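Visitor: Provided herewith is a single structure, encoded as structure tokens, for subsequent inquiry.
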Amino acid sequence: MPESPIARFGLALVGLLLLVLSFFVGIVFLAVGAGLAVLGGVALSVRRWWLRRKGEPRHDDEDLVEVEYRVVDRRRDP
């Protein structure tokens, strides 16, 4: 660390400017990410609306599995 008060002030000023610059760069990246998320949500909503408008069947039950089963009573007689 320099002993000169002017050099210390200059280093403090450079450090403060770097801190402010990194803050604004972070805000820009956050805004870009949020904007991309909003655009993706709008695109997916428009796609869903377009597919429903065309009359294609909905696939809400894709993960539904139909099975057959038989109940076995295992009670023993005394």
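By order of appearance in the structure tokens: chains A, B, ..., then residues from 1 within every chain, and ligands from 1 in the order shown.
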Using DSSP assignments from the backbone, pull out every residue in chain A that falls under helix (DSSP H, G or I) and give it to me as a ChimeraX atom specification.

Guide: /A:5-54

Visitor: Excluding same-chain residues fewer than 6 positions from A:Met1, what lies within 12 Å of it counting only C-alpha atoms, as an mmCIF file with N, CA and C atoms, in the first residue's frame?

Guide:
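To be explicit, this is the file written out as around-v4.cif:
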data_model
loop_
_atom_site.group_PDB
_atom_site.id
_atom_site.type_symbol
_atom_site.label_atom_id
_atom_site.label_comp_id
_atom_site.auth_asym_id
_atom_site.auth_seq_id
_atom_site.Cartn_x
_atom_site.Cartn_y
_atom_site.Cartn_z
ATOM 1 N N ALA A 7 -1.975 8.862 -3.627
ATOM 2 C CA ALA A 7 -1.999 7.524 -4.217
ATOM 3 C C ALA A 7 -3.064 6.662 -3.526
ATOM 4 N N ARG A 8 -3.180 6.812 -2.205
ATOM 5 C CA ARG A 8 -4.223 6.070 -1.484
ATOM 6 C C ARG A 8 -5.613 6.488 -1.950
ATOM 7 N N PHE A 9 -5.791 7.789 -2.109
ATOM 8 C CA PHE A 9 -7.076 8.290 -2.582
ATOM 9 C C PHE A 9 -7.357 7.768 -3.992
ATOM 10 N N GLY A 10 -6.344 7.767 -4.832
ATOM 11 C CA GLY A 10 -6.507 7.268 -6.196
ATOM 12 C C GLY A 10 -6.866 5.788 -6.204
ATOM 13 N N LEU A 11 -6.204 4.990 -5.382
ATOM 14 C CA LEU A 11 -6.519 3.560 -5.299
ATOM 15 C C LEU A 11 -7.926 3.327 -4.751
ATOM 16 N N ALA A 12 -8.303 4.124 -3.760
ATOM 17 C CA ALA A 12 -9.660 4.004 -3.214
ATOM 18 C C ALA A 12 -10.687 4.364 -4.272
#
